[in-house]
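S.K.: Sharing entry.cif here; it has mmCIF, C-alpha atoms and all ligand atoms.
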data_start
loop_
_atom_site.label_atom_id
_atom_site.label_comp_id
_atom_site.auth_asym_id
_atom_site.auth_seq_id
_atom_site.Cartn_x
_atom_site.Cartn_y
_atom_site.Cartn_z
CA MET A 1 60.38 -173.88 -44.70
CA ILE A 2 60.66 -172.65 -41.14
CA ALA A 3 63.01 -174.75 -39.00
CA THR A 4 62.33 -174.67 -35.29
CA VAL A 5 65.45 -175.29 -33.21
CA ARG A 6 65.36 -175.66 -29.43
CA PRO A 7 68.26 -175.45 -27.01
CA THR A 8 69.95 -178.68 -26.07
CA HIS A 9 71.92 -179.79 -23.03
CA ARG A 10 74.28 -182.11 -24.79
CA LEU A 11 75.29 -183.14 -28.32
CA GLU A 12 76.40 -186.72 -28.69
CA GLY A 13 77.05 -189.19 -31.49
CA ALA A 14 79.06 -189.98 -34.59
CA ILE A 15 78.15 -188.70 -38.04
CA LYS A 16 79.52 -188.56 -41.54
CA VAL A 17 79.16 -185.09 -43.01
CA PRO A 18 78.50 -184.77 -46.77
CA GLY A 19 81.29 -185.03 -49.31
CA ASP A 20 83.34 -181.90 -49.76
CA LYS A 21 81.56 -179.43 -52.01
CA SER A 22 84.71 -177.81 -53.43
CA ILE A 23 86.34 -181.15 -54.23
CA SER A 24 83.08 -182.50 -55.71
CA HIS A 25 82.78 -179.61 -58.20
CA ARG A 26 86.37 -180.09 -59.27
CA ALA A 27 86.04 -183.87 -59.63
CA LEU A 28 82.98 -183.45 -61.88
CA ILE A 29 84.63 -180.78 -64.04
CA LEU A 30 88.06 -182.38 -64.33
CA GLY A 31 86.61 -185.90 -64.64
CA SER A 32 84.55 -184.60 -67.57
CA ILE A 33 87.65 -183.64 -69.57
CA ALA A 34 89.73 -186.66 -68.53
CA SER A 35 90.57 -189.36 -71.06
CA GLY A 36 88.19 -192.13 -70.01
CA GLU A 37 85.86 -193.06 -67.22
CA SER A 38 86.30 -191.67 -63.71
CA HIS A 39 84.79 -193.08 -60.52
CA VAL A 40 84.15 -190.51 -57.82
CA ARG A 41 82.40 -191.89 -54.74
CA GLY A 42 80.86 -189.74 -52.03
CA LEU A 43 80.17 -186.64 -54.13
CA SER A 44 78.39 -183.88 -52.24
CA PRO A 45 74.61 -184.46 -52.40
CA GLY A 46 74.03 -180.70 -52.27
CA ALA A 47 72.18 -178.72 -54.92
CA ASP A 48 75.31 -176.75 -55.88
CA VAL A 49 77.14 -179.87 -56.97
CA GLN A 50 74.00 -181.03 -58.82
CA SER A 51 74.22 -177.75 -60.74
CA THR A 52 77.74 -178.57 -61.86
CA ALA A 53 76.71 -182.11 -62.85
CA SER A 54 73.80 -180.87 -64.94
CA CYS A 55 75.98 -178.24 -66.67
CA MET A 56 78.53 -180.92 -67.59
CA ARG A 57 75.73 -183.14 -68.93
CA ALA A 58 74.52 -180.22 -71.05
CA LEU A 59 78.07 -180.03 -72.45
CA GLY A 60 77.82 -183.65 -73.61
CA VAL A 61 79.28 -185.56 -70.66
CA ASP A 62 77.62 -188.75 -69.44
CA ILE A 63 77.43 -188.63 -65.63
CA ASP A 64 75.63 -191.33 -63.74
CA GLY A 65 76.01 -191.45 -59.95
CA SER A 66 79.69 -191.85 -59.23
CA ARG A 67 80.61 -192.57 -62.87
CA ILE A 68 81.82 -189.73 -65.08
CA GLY A 69 82.34 -190.50 -68.77
CA GLY A 70 85.30 -188.24 -69.52
CA VAL A 71 85.26 -186.92 -73.10
CA GLY A 72 88.90 -185.78 -73.22
CA MET A 73 90.34 -182.30 -73.26
CA SER A 74 88.70 -181.36 -76.57
CA GLY A 75 85.55 -183.46 -76.36
CA LEU A 76 83.06 -180.97 -74.84
CA ARG A 77 80.32 -179.77 -77.17
CA ALA A 78 78.28 -176.58 -77.06
CA SER A 79 75.20 -176.70 -74.85
CA ALA A 80 71.86 -176.23 -76.59
CA GLY A 81 70.92 -173.39 -74.20
CA ALA A 82 72.34 -171.28 -71.40
CA LEU A 83 74.02 -173.33 -68.66
CA ASP A 84 72.13 -173.00 -65.38
CA CYS A 85 74.53 -172.68 -62.43
CA GLY A 86 71.68 -172.29 -59.92
CA ASN A 87 72.98 -170.77 -56.67
CA SER A 88 76.55 -171.92 -57.20
CA GLY A 89 79.36 -169.37 -57.58
CA THR A 90 81.91 -172.17 -57.84
CA THR A 91 80.05 -173.69 -60.81
CA MET A 92 79.82 -170.37 -62.60
CA ARG A 93 83.38 -169.20 -62.03
CA LEU A 94 85.15 -172.53 -62.63
CA LEU A 95 83.11 -173.21 -65.76
CA ALA A 96 83.77 -169.66 -67.01
CA GLY A 97 87.47 -170.59 -67.03
CA LEU A 98 87.04 -173.98 -68.66
CA LEU A 99 84.57 -172.74 -71.26
CA ALA A 100 86.52 -169.57 -72.14
CA ALA A 101 89.11 -171.95 -73.59
CA GLN A 102 86.68 -173.83 -75.84
CA PRO A 103 86.17 -173.11 -79.56
CA PHE A 104 82.41 -172.52 -79.00
CA VAL A 105 80.49 -169.83 -77.12
CA SER A 106 78.73 -170.66 -73.83
CA GLU A 107 76.33 -168.60 -71.77
CA LEU A 108 76.14 -169.15 -68.01
CA MET A 109 73.20 -168.08 -65.89
CA GLY A 110 72.17 -168.42 -62.26
CA ASP A 111 69.44 -167.71 -59.74
CA GLU A 112 68.72 -164.25 -58.38
CA SER A 113 71.46 -164.41 -55.76
CA LEU A 114 74.12 -165.67 -58.20
CA SER A 115 73.09 -163.08 -60.81
CA ARG A 116 74.01 -160.35 -58.33
CA ARG A 117 77.48 -161.71 -57.60
CA PRO A 118 80.60 -160.18 -59.19
CA MET A 119 81.94 -161.98 -62.27
CA GLY A 120 84.28 -159.21 -63.47
CA ARG A 121 86.95 -160.78 -61.27
CA VAL A 122 87.05 -163.80 -63.58
CA VAL A 123 86.09 -162.13 -66.87
CA ASP A 124 88.92 -159.56 -66.74
CA PRO A 125 91.87 -161.97 -66.40
CA LEU A 126 90.30 -164.37 -68.94
CA ARG A 127 90.28 -161.48 -71.40
CA ASP A 128 93.94 -160.85 -70.57
CA MET A 129 94.50 -164.44 -71.71
CA GLY A 130 92.97 -163.51 -75.06
CA ALA A 131 89.59 -165.12 -74.40
CA ALA A 132 86.25 -163.76 -75.52
CA ALA A 133 84.48 -163.07 -72.20
CA ASP A 134 81.61 -160.70 -71.36
CA TRP A 135 79.41 -160.05 -68.33
CA PRO A 136 76.55 -159.51 -67.67
CA PRO A 137 75.21 -161.83 -68.93
CA LEU A 138 78.19 -164.13 -68.66
CA ARG A 139 79.28 -165.31 -72.13
CA VAL A 140 82.63 -166.93 -72.76
CA GLY A 141 84.44 -168.89 -75.46
CA GLY A 142 84.77 -169.02 -79.23
CA LYS A 143 88.13 -167.27 -79.45
CA VAL A 144 91.07 -169.65 -79.09
CA PRO A 145 93.90 -170.37 -78.50
CA LEU A 146 94.46 -168.56 -75.22
CA ARG A 147 97.83 -167.38 -74.00
CA GLY A 148 99.20 -167.95 -70.52
CA ILE A 149 99.51 -164.98 -68.17
CA GLU A 150 100.89 -164.31 -64.74
CA TYR A 151 98.03 -162.92 -62.68
CA GLU A 152 98.27 -161.18 -59.33
CA ALA A 153 94.82 -161.61 -57.85
CA PRO A 154 93.57 -158.41 -56.16
CA VAL A 155 91.14 -160.44 -54.01
CA PRO A 156 92.22 -163.90 -52.80
CA SER A 157 89.75 -166.34 -54.37
CA ALA A 158 90.10 -170.05 -55.01
CA GLN A 159 87.31 -169.79 -57.57
CA VAL A 160 89.15 -167.20 -59.66
CA LYS A 161 92.46 -169.04 -59.27
CA SER A 162 90.82 -172.31 -60.35
CA ALA A 163 89.11 -170.68 -63.33
CA LEU A 164 92.44 -169.39 -64.61
CA LEU A 165 94.20 -172.70 -64.02
CA LEU A 166 91.46 -174.52 -65.97
CA ALA A 167 91.80 -172.04 -68.84
CA GLY A 168 95.58 -172.38 -68.55
CA LEU A 169 95.36 -176.11 -69.35
CA TYR A 170 94.43 -174.99 -72.89
CA ALA A 171 96.72 -171.95 -73.21
CA ASP A 172 100.04 -171.42 -74.96
CA GLY A 173 102.75 -170.83 -72.35
CA ALA A 174 102.47 -171.02 -68.58
CA THR A 175 99.55 -169.56 -66.60
CA SER A 176 100.23 -168.58 -63.02
CA VAL A 177 98.16 -167.03 -60.27
CA VAL A 178 99.80 -165.25 -57.35
CA GLU A 179 97.78 -164.56 -54.21
CA SER A 180 98.50 -162.83 -50.92
CA VAL A 181 96.94 -165.74 -48.96
CA ARG A 182 96.96 -169.43 -49.81
CA THR A 183 93.37 -170.15 -50.79
CA ARG A 184 92.07 -173.71 -51.00
CA ASP A 185 94.25 -175.73 -53.37
CA HIS A 186 91.98 -178.63 -54.32
CA THR A 187 92.27 -177.83 -58.03
CA GLU A 188 96.05 -178.02 -57.89
CA VAL A 189 95.99 -181.27 -55.85
CA MET A 190 93.56 -182.93 -58.26
CA LEU A 191 95.36 -181.73 -61.40
CA ALA A 192 98.63 -183.13 -60.08
CA ALA A 193 96.96 -186.48 -59.38
CA MET A 194 95.65 -186.51 -62.97
CA GLY A 195 99.15 -185.99 -64.40
CA ALA A 196 98.76 -182.33 -65.43
CA PRO A 197 101.81 -180.04 -65.47
CA VAL A 198 100.99 -178.05 -62.33
CA GLN A 199 103.42 -176.34 -59.97
CA VAL A 200 102.75 -174.83 -56.59
CA ASP A 201 105.23 -172.59 -54.85
CA ARG A 202 103.83 -170.99 -51.70
CA PHE A 203 101.52 -168.25 -52.98
CA ARG A 204 101.93 -169.06 -56.68
CA SER A 205 100.05 -171.79 -58.55
CA ALA A 206 100.95 -172.44 -62.19
CA VAL A 207 99.92 -174.78 -65.01
CA SER A 208 100.96 -175.37 -68.59
CA ARG A 209 99.02 -176.83 -71.49
CA ALA A 210 97.93 -180.43 -70.91
CA ASP A 211 97.25 -182.86 -73.74
CA GLU A 212 95.34 -185.25 -71.56
CA LEU A 213 94.25 -185.87 -67.98
CA ALA A 214 94.20 -189.31 -66.38
CA PRO A 215 90.77 -190.34 -65.03
CA LEU A 216 90.02 -190.28 -61.30
CA ASP A 217 89.19 -193.18 -59.01
CA VAL A 218 88.62 -191.52 -55.63
CA ASP A 219 86.48 -191.16 -52.51
CA VAL A 220 85.61 -187.55 -51.74
CA PRO A 221 86.58 -186.53 -48.18
CA GLY A 222 83.90 -185.17 -45.84
CA ASP A 223 83.42 -181.41 -46.06
CA PHE A 224 85.38 -179.53 -43.38
CA SER A 225 83.04 -176.55 -43.82
CA ALA A 226 80.09 -178.80 -42.90
CA ALA A 227 81.99 -180.39 -40.00
CA ALA A 228 82.75 -176.88 -38.73
CA PHE A 229 79.14 -176.43 -37.53
CA TRP A 230 79.52 -179.41 -35.21
CA LEU A 231 83.00 -178.42 -34.02
CA ALA A 232 81.50 -175.12 -32.92
CA ALA A 233 78.26 -176.57 -31.54
CA ALA A 234 80.01 -179.31 -29.55
CA GLY A 235 82.38 -176.73 -28.11
CA LEU A 236 79.53 -174.46 -27.07
CA VAL A 237 77.10 -177.02 -25.60
CA HIS A 238 78.23 -178.44 -22.24
CA GLY A 239 78.91 -182.15 -21.98
CA SER A 240 79.02 -182.72 -25.73
CA VAL A 241 81.07 -185.38 -27.51
CA VAL A 242 80.70 -185.47 -31.27
CA ARG A 243 82.68 -187.63 -33.69
CA LEU A 244 82.91 -186.58 -37.30
CA LEU A 245 84.09 -189.44 -39.48
CA GLY A 246 86.28 -188.99 -42.54
CA VAL A 247 86.65 -185.22 -42.71
CA GLY A 248 89.06 -183.54 -45.13
CA VAL A 249 91.69 -181.51 -43.29
CA ASN A 250 93.61 -179.94 -46.15
CA PRO A 251 95.54 -177.17 -44.34
CA THR A 252 94.11 -174.54 -46.71
CA ARG A 253 90.69 -175.31 -45.18
CA THR A 254 91.20 -175.79 -41.46
CA ALA A 255 92.05 -172.30 -40.12
CA PHE A 256 88.71 -172.24 -38.28
CA ALA A 257 89.65 -175.32 -36.22
CA ASP A 258 92.92 -173.63 -35.30
CA VAL A 259 91.07 -170.54 -34.07
CA LEU A 260 88.68 -172.66 -32.01
CA ALA A 261 91.63 -174.52 -30.49
CA SER A 262 93.36 -171.20 -29.72
CA VAL A 263 90.43 -170.03 -27.59
CA GLY A 264 90.30 -173.35 -25.73
CA PHE A 265 87.89 -175.62 -27.64
CA ALA A 266 88.68 -179.32 -27.50
CA ILE A 267 89.25 -180.81 -30.96
CA ARG A 268 91.11 -184.05 -31.54
CA ARG A 269 92.19 -185.78 -34.75
CA ALA A 270 92.31 -189.56 -35.15
CA LYS A 271 93.12 -192.08 -37.91
CA PRO A 272 94.96 -189.84 -40.37
CA ARG A 273 94.83 -191.11 -43.97
CA LEU A 274 94.75 -189.85 -47.57
CA GLU A 275 91.70 -189.84 -49.79
CA ALA A 276 91.75 -188.32 -53.26
CA ASN A 277 95.31 -187.21 -52.36
CA GLU A 278 93.80 -185.04 -49.62
CA PRO A 279 94.48 -185.50 -45.88
CA VAL A 280 91.50 -186.99 -44.01
CA VAL A 281 90.92 -187.69 -40.29
CA ASP A 282 88.15 -188.49 -37.86
CA LEU A 283 87.52 -185.40 -35.75
CA GLU A 284 86.36 -185.53 -32.15
CA ALA A 285 84.95 -182.36 -30.67
CA GLY A 286 83.86 -181.72 -27.13
CA HIS A 287 82.98 -178.91 -24.84
CA GLY A 288 85.99 -176.74 -24.17
CA ASP A 289 87.11 -173.63 -22.39
CA ARG A 290 86.40 -170.22 -23.78
CA ALA A 291 89.38 -168.36 -22.54
CA ARG A 292 89.67 -165.30 -24.76
CA PRO A 293 88.11 -163.35 -27.61
CA VAL A 294 89.19 -163.72 -31.25
CA ARG A 295 90.84 -161.22 -33.56
CA VAL A 296 90.63 -161.91 -37.26
CA ASP A 297 92.43 -159.77 -39.85
CA HIS A 298 92.16 -159.77 -43.65
CA ASP A 299 94.45 -162.75 -44.25
CA ALA A 300 92.87 -164.85 -41.50
CA ALA A 301 89.42 -163.94 -42.83
CA ALA A 302 90.35 -165.19 -46.30
CA ALA A 303 91.63 -168.45 -44.83
CA MET A 304 88.30 -169.27 -43.11
CA ILE A 305 85.97 -167.36 -45.39
CA ASP A 306 83.05 -169.82 -45.26
CA GLU A 307 83.29 -170.26 -41.49
CA LEU A 308 83.13 -166.57 -40.56
CA PRO A 309 79.34 -166.48 -39.95
CA LEU A 310 79.82 -169.39 -37.56
CA LEU A 311 82.78 -167.69 -35.91
CA ALA A 312 80.48 -164.74 -35.20
CA VAL A 313 78.19 -167.14 -33.29
CA VAL A 314 81.14 -168.50 -31.31
CA ALA A 315 82.35 -164.95 -30.54
CA THR A 316 79.08 -164.18 -28.75
CA GLN A 317 80.15 -166.76 -26.14
CA LEU A 318 83.77 -165.64 -25.70
CA PRO A 319 84.77 -163.25 -22.94
CA GLY A 320 85.72 -159.76 -24.11
CA THR A 321 85.67 -157.98 -27.44
CA SER A 322 86.09 -160.13 -30.54
CA VAL A 323 86.96 -158.32 -33.76
CA ILE A 324 86.39 -159.99 -37.12
CA ALA A 325 87.81 -157.56 -39.68
CA GLY A 326 88.90 -157.64 -43.33
CA ALA A 327 85.84 -159.65 -44.29
CA ALA A 328 84.27 -157.41 -46.97
CA GLU A 329 84.08 -160.47 -49.27
CA LEU A 330 81.20 -161.70 -47.11
CA ARG A 331 79.06 -158.98 -48.69
CA VAL A 332 79.22 -160.74 -52.08
CA LYS A 333 78.54 -164.33 -51.04
CA GLU A 334 75.17 -166.09 -51.45
CA SER A 335 73.77 -163.25 -49.31
CA ASP A 336 75.37 -160.22 -47.67
CA ARG A 337 76.62 -162.38 -44.83
CA LEU A 338 77.84 -159.42 -42.77
CA VAL A 339 74.31 -158.00 -42.62
CA ALA A 340 72.62 -161.40 -42.33
CA MET A 341 74.56 -162.40 -39.21
CA ALA A 342 74.43 -158.94 -37.63
CA GLU A 343 70.64 -159.00 -37.95
CA GLY A 344 70.14 -162.61 -36.92
CA LEU A 345 72.42 -162.45 -33.89
CA SER A 346 71.10 -159.04 -32.80
CA ALA A 347 67.58 -160.47 -32.87
CA MET A 348 68.86 -163.20 -30.56
CA GLY A 349 70.23 -160.67 -28.09
CA ALA A 350 73.90 -160.64 -29.09
CA VAL A 351 75.92 -157.45 -28.86
CA ILE A 352 77.24 -157.23 -32.40
CA GLU A 353 78.29 -154.13 -34.27
CA LEU A 354 78.50 -154.14 -38.04
CA ASP A 355 80.93 -152.05 -40.05
CA ASP A 356 81.97 -152.00 -43.73
CA GLU A 357 84.12 -155.06 -43.50
CA GLY A 358 83.35 -157.00 -40.38
CA TRP A 359 81.87 -157.22 -36.91
CA THR A 360 82.83 -156.32 -33.37
CA ILE A 361 81.18 -158.68 -30.89
CA GLN A 362 81.01 -158.41 -27.09
CA GLY A 363 80.70 -161.55 -25.05
CA PRO A 364 79.83 -163.68 -23.35
CA ARG A 365 76.14 -163.11 -23.81
CA VAL A 366 73.15 -165.37 -23.15
CA LEU A 367 71.28 -165.67 -26.45
CA GLU A 368 67.50 -165.73 -26.67
CA GLY A 369 65.43 -167.68 -29.14
CA ALA A 370 63.93 -165.48 -31.85
CA ARG A 371 62.49 -165.57 -35.34
CA VAL A 372 65.39 -165.09 -37.77
CA ASP A 373 65.86 -165.14 -41.54
CA ALA A 374 68.35 -167.34 -43.40
CA ARG A 375 68.15 -164.97 -46.37
CA GLY A 376 68.27 -167.92 -48.74
CA ASP A 377 71.85 -168.62 -47.66
CA HIS A 378 72.79 -172.12 -46.49
CA ARG A 379 75.67 -171.07 -44.28
CA ILE A 380 73.55 -168.42 -42.54
CA ALA A 381 70.78 -170.97 -41.86
CA MET A 382 73.24 -173.42 -40.30
CA ALA A 383 75.18 -170.80 -38.31
CA LEU A 384 71.92 -169.51 -36.81
CA ALA A 385 70.88 -173.08 -36.01
CA VAL A 386 74.07 -173.47 -33.96
CA ALA A 387 73.25 -170.22 -32.14
CA ALA A 388 69.76 -171.61 -31.49
CA LEU A 389 71.23 -174.68 -29.75
CA ILE A 390 72.61 -172.45 -26.98
CA ALA A 391 69.76 -169.90 -26.85
CA ASP A 392 67.01 -169.71 -24.25
CA GLY A 393 63.71 -170.75 -25.80
CA LYS A 394 62.94 -171.75 -29.37
CA THR A 395 64.35 -170.18 -32.51
CA GLU A 396 62.53 -170.20 -35.83
CA ILE A 397 64.72 -169.99 -38.90
CA GLU A 398 62.85 -168.79 -41.96
CA GLY A 399 63.94 -170.13 -45.34
CA ALA A 400 65.87 -172.99 -43.74
CA GLU A 401 65.38 -175.22 -46.81
CA CYS A 402 68.47 -173.53 -48.30
CA VAL A 403 70.64 -176.01 -46.34
CA GLU A 404 69.97 -178.15 -49.46
CA ILE A 405 72.74 -176.21 -51.18
CA SER A 406 75.57 -177.91 -49.31
CA TYR A 407 74.18 -180.06 -46.48
CA PRO A 408 70.72 -181.53 -47.23
CA ASN A 409 70.60 -183.67 -44.07
CA PHE A 410 71.84 -180.94 -41.71
CA PHE A 411 68.63 -180.86 -39.64
CA ASP A 412 68.52 -184.69 -39.48
CA HIS A 413 72.03 -184.66 -38.09
CA LEU A 414 71.06 -181.93 -35.64
CA GLU A 415 68.11 -183.97 -34.40
CA TYR A 416 70.24 -187.09 -34.09
CA LEU A 417 73.08 -185.38 -32.18
CA ALA A 418 70.84 -183.29 -29.93
C1 LIG B 501 85.22 -172.00 -53.10
C2 LIG B 501 85.92 -170.85 -52.86
C3 LIG B 501 85.46 -169.78 -51.96
C4 LIG B 501 84.37 -170.29 -51.02
C5 LIG B 501 83.33 -171.08 -51.74
C6 LIG B 501 83.94 -172.28 -52.44
C7 LIG B 501 85.78 -172.98 -54.05
O1 LIG B 501 84.95 -168.72 -52.72
O2 LIG B 501 83.78 -169.20 -50.35
O3 LIG B 501 82.36 -171.54 -50.83
O4 LIG B 501 85.28 -174.12 -54.11
O5 LIG B 501 86.74 -172.63 -54.76
P1 LIG B 501 85.90 -167.53 -53.25
O6 LIG B 501 86.84 -168.10 -54.23
O7 LIG B 501 84.97 -166.53 -53.88
O8 LIG B 501 86.57 -166.97 -52.03
#
As structure tokens, what does this structure read like?
M.R.:
Amino acid sequence: MIATVRPTHRLEGAIKVPGDKSISHRALILGSIASGESHVRGLSPGADVQSTASCMRALGVDIDGSRIGGVGMSGLRASAGALDCGNSGTTMRLLAGLLAAQPFVSELMGDESLSRRPMGRVVDPLRDMGAAADWPPLRVGGKVPLRGIEYEAPVPSAQVKSALLLAGLYADGATSVVESVRTRDHTEVMLAAMGAPVQVDRFRSAVSRADELAPLDVDVPGDFSAAAFWLAAAGLVHGSVVRLLGVGVNPTRTAFADVLASVGFAIRRAKPRLEANEPVVDLEAGHGDRARPVRVDHDAAAAMIDELPLLAVVATQLPGTSVIAGAAELRVKESDRLVAMAEGLSAMGAVIELDDEGWTIQGPRVLEGARVDARGDHRIAMALAVAALIADGKTEIEGAECVEISYPNFFDHLEYLA
């Protein structure tokens, strides 16, 4: 599908972004091994989370809408065929951890993009735990019990950390993961709420063997990474006022909002509350100043990893030289996001220089509508759509249907707000 996006003079309205994708995956996986029925309302409607749901069904779990029939810690059964993780790295890596700890062998497969993504980062530490784990193709399980390890992650990754914590629930002794940056901690938050022996101490997350997990009865917060597109768009389009209702603001997720605020964007929080033990607010975003460029180093890049393509769009409108460095991980996401944004924004007239691990962007620059390619990557499609809202003339985004992965009604929301 080609999405045509035209510039707008104002964004206005209130929307509810989809349920958080990261939390939704975890609720489906942990609810599946809980003792009894969980109720998880507001799961992400995206295709990635559907991939996790269908894998859990293939492992013998009854999932129907918001109801998850937990089978207990040892109740999963071998799938009849390979588990299809679709486009979802979170599905593949988290399930690799859970399934490495099961007495049966599982094979996990994915689409072309996912098949290219690195799985050694999860296979290697699982082997250190004594698991049978091979890749490619990804095959895990059948050799238990596992033993706990202390793992110093060479690349900060919430997916790897979560995989090891899930395996650690079944291991003898403690399993801990130490990172140089605090990556998203939704697994730890949910495990604690389910009564698992989990401990978090700054950069270290640890679990011990759990005999059972209490079922969940929760509402999933709105996805900050989806809300981010509107925080940026409202800040860039004059006269905008956008309200985003019920957005999760776990501090391990919100570094992007802090960067926007630091360059002068107007973002307000209202009605703080807790949902699923996660902090939630209504966010109000409006047009703000753009006082200075941004500088992002390795640690800051890890803290706003999914928002970096969007930050590149914002940087084209900031005065001076913005440097987004330490972002080599973007090369192994759903697409090579460093190349995808350099190409897309260059086509739109931005001054953006690509290097091995980031971009240097000169601004401010008036963007021009162009024909650009989403490269099958949902976050690229949506970041380019935000750029299109401030460009002169129309922009055509090829392959825009990939927004289905995390935000199926993104273009409906765009039409409503614009
Ligand atoms: C996610 C972790 C991040 C992020 C992805 C979701 C998660 O990946 O980019 O969109 O739910 O744990 P990495 O762990 O590879 O950084």
S.K.: Of the residues A:Ser32, A:Thr4, A:Asn250, A:Asn87, which is the one nearest to Ile63 (chain A), using all atoms listed in the file?
M.R.: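 The shortest atom-to-atom distance to Ile63 (chain A) comes from A:Ser32.
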S.K.: Could you pull the residues within 6 Å of region 266-279 of chain A, counting all atoms listed in the file, minus those fewer than 5 positions along the same chain, as a PyMOL selection string?
M.R.: chain A and resi 218+248-250+284-286+288
S.K.: Could you dump the residues just selected with C-alpha atoms as an mmCIF file, keeping the file's coordinate frame?
M.R.:
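Writing the result to out_9.cif gives the following:
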data_model
loop_
_atom_site.group_PDB
_atom_site.id
_atom_site.type_symbol
_atom_site.label_atom_id
_atom_site.label_comp_id
_atom_site.auth_asym_id
_atom_site.auth_seq_id
_atom_site.Cartn_x
_atom_site.Cartn_y
_atom_site.Cartn_z
ATOM 1 C CA VAL A 218 88.620 -191.520 -55.630
ATOM 2 C CA GLY A 248 89.060 -183.540 -45.130
ATOM 3 C CA VAL A 249 91.690 -181.510 -43.290
ATOM 4 C CA ASN A 250 93.610 -179.940 -46.150
ATOM 5 C CA GLU A 284 86.360 -185.530 -32.150
ATOM 6 C CA ALA A 285 84.950 -182.360 -30.670
ATOM 7 C CA GLY A 286 83.860 -181.720 -27.130
ATOM 8 C CA GLY A 288 85.990 -176.740 -24.170
#
S.K.: Select from chain A every residue with an atom at most 9 Å from any atom of ligand LIG 501 (chain B), then for each give the shortest pair of atoms and their distance in Å to one decimal, using only C-alpha atoms and all ligand atoms, rows by chain and rising number, as CSV.
M.R.:
residue,atom,partner,partner_atom,distance
A:Lys21,CA,B:LIG501,O4,6.8
A:Ser22,CA,B:LIG501,O4,3.8
A:Ile23,CA,B:LIG501,O4,7.1
A:Ser24,CA,B:LIG501,O4,8.8
A:His25,CA,B:LIG501,O4,7.3
A:Arg26,CA,B:LIG501,O4,8.0
A:Ser88,CA,B:LIG501,O3,8.6
A:Gly89,CA,B:LIG501,C5,7.3
A:Thr90,CA,B:LIG501,O4,5.4
A:Thr91,CA,B:LIG501,O4,8.5
A:Arg93,CA,B:LIG501,O6,8.6
A:Leu94,CA,B:LIG501,O5,8.0
A:Val155,CA,B:LIG501,O8,8.2
A:Pro156,CA,B:LIG501,O8,6.5
A:Ser157,CA,B:LIG501,O6,3.4
A:Ala158,CA,B:LIG501,O6,3.9
A:Gln159,CA,B:LIG501,O6,3.8
A:Val160,CA,B:LIG501,O6,6.0
A:Lys161,CA,B:LIG501,O6,7.6
A:Ser162,CA,B:LIG501,O5,6.9
A:Thr183,CA,B:LIG501,O8,7.6
A:Arg184,CA,B:LIG501,O5,6.6
A:Asp185,CA,B:LIG501,O5,8.2
A:His186,CA,B:LIG501,O5,8.0
A:Thr187,CA,B:LIG501,O5,8.3
A:Ser225,CA,B:LIG501,O3,8.6
A:Ala302,CA,B:LIG501,O8,7.1
A:Ala303,CA,B:LIG501,O8,8.9
A:Met304,CA,B:LIG501,O2,8.5
A:Ile305,CA,B:LIG501,O2,5.7
A:Asp306,CA,B:LIG501,O2,5.2
A:Glu307,CA,B:LIG501,O2,8.9
A:Glu329,CA,B:LIG501,O8,7.5
A:Leu330,CA,B:LIG501,O2,8.6
A:Val332,CA,B:LIG501,O7,8.4
A:Lys333,CA,B:LIG501,O2,7.2
S.K.: Kindly indicate which residue among A:Glu107, A:Asp217, A:Thr8, A:Gln50 lies nearest to Glu37 (chain A), using all atoms listed in the file for the distances.
M.R.: A:Asp217
S.K.: Would you work out the distance separating CA of Ala325 (chain A) from CA of Ala301 (chain A), expressed in Å to one decimal?
M.R.: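 For CA of Ala325 (chain A) relative to CA of Ala301 (chain A), the distance reads 7.3 Å.
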S.K.: As an exercise, work out the distance from CA of Leu236 (chain A) to CA of Ala300 (chain A) in Å and give it to one decimal place.
M.R.: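 Taking CA of Leu236 (chain A) as the start and CA of Ala300 (chain A) as the end point, the length is 21.9 Å.
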S.K.: For region 78-85 of chain A, find every residue with an atom within 8 Å (counting all atoms listed in the file), except residues of its own chain fewer than 4 positions away, and show them as a PyMOL selection string.
M.R.: chain A and resi 48+51-52+55+58-60+89+91-92+104-111
S.K.: Would you pick out the contacts of Val259 (chain A) at 10 Å or less, using all atoms listed in the file, so that residues sharing its chain but fewer than 3 positions from it are not included, and give the list as a VMD selection string?
M.R.: chain A and resid 254 to 256 262 to 265 294 to 296 300 304 311
S.K.: Neighbours of Ala234 (chain A) within 8 Å (only C-alpha atoms; same-chain residues fewer than 4 positions away dropped), as a PyMOL selection string?
M.R.: chain A and resi 10-11+230+238+240-242+285-287
S.K.: What is the CA of Arg121 (chain A)-CA of Tyr151 (chain A) distance in Å, reported with one decimal?
M.R.: 11.4 Å
S.K.: Using all atoms listed in the file - which residues lie no farther than 12 Å from the point (65.8, -172.5, -48.6) in the file's frame? Write them as a ChimeraX atom specification.
M.R.: /A:1-3,47,87,334,373-382,397-408
S.K.: Pick from A:Ala153, A:Val207, A:Arg365, A:Ala101: nearest to Val122 (chain A), with only C-alpha atoms counted?
M.R.: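 Smallest separation from Val122 (chain A) among the options: A:Ala153.
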S.K.: Can you list, as an mmCIF file with C-alpha atoms, in the coordinates of the input, every protein, DNA or RNA residue that comes within 6 Å of Ala214 (chain A) when you count all atoms listed in the file, leaving out same-chain residues fewer than 3 positions away?
M.R.:
data_model
loop_
_atom_site.group_PDB
_atom_site.id
_atom_site.type_symbol
_atom_site.label_atom_id
_atom_site.label_comp_id
_atom_site.auth_asym_id
_atom_site.auth_seq_id
_atom_site.Cartn_x
_atom_site.Cartn_y
_atom_site.Cartn_z
ATOM 1 C CA ALA A 34 89.730 -186.660 -68.530
ATOM 2 C CA SER A 35 90.570 -189.360 -71.060
ATOM 3 C CA MET A 194 95.650 -186.510 -62.970
#
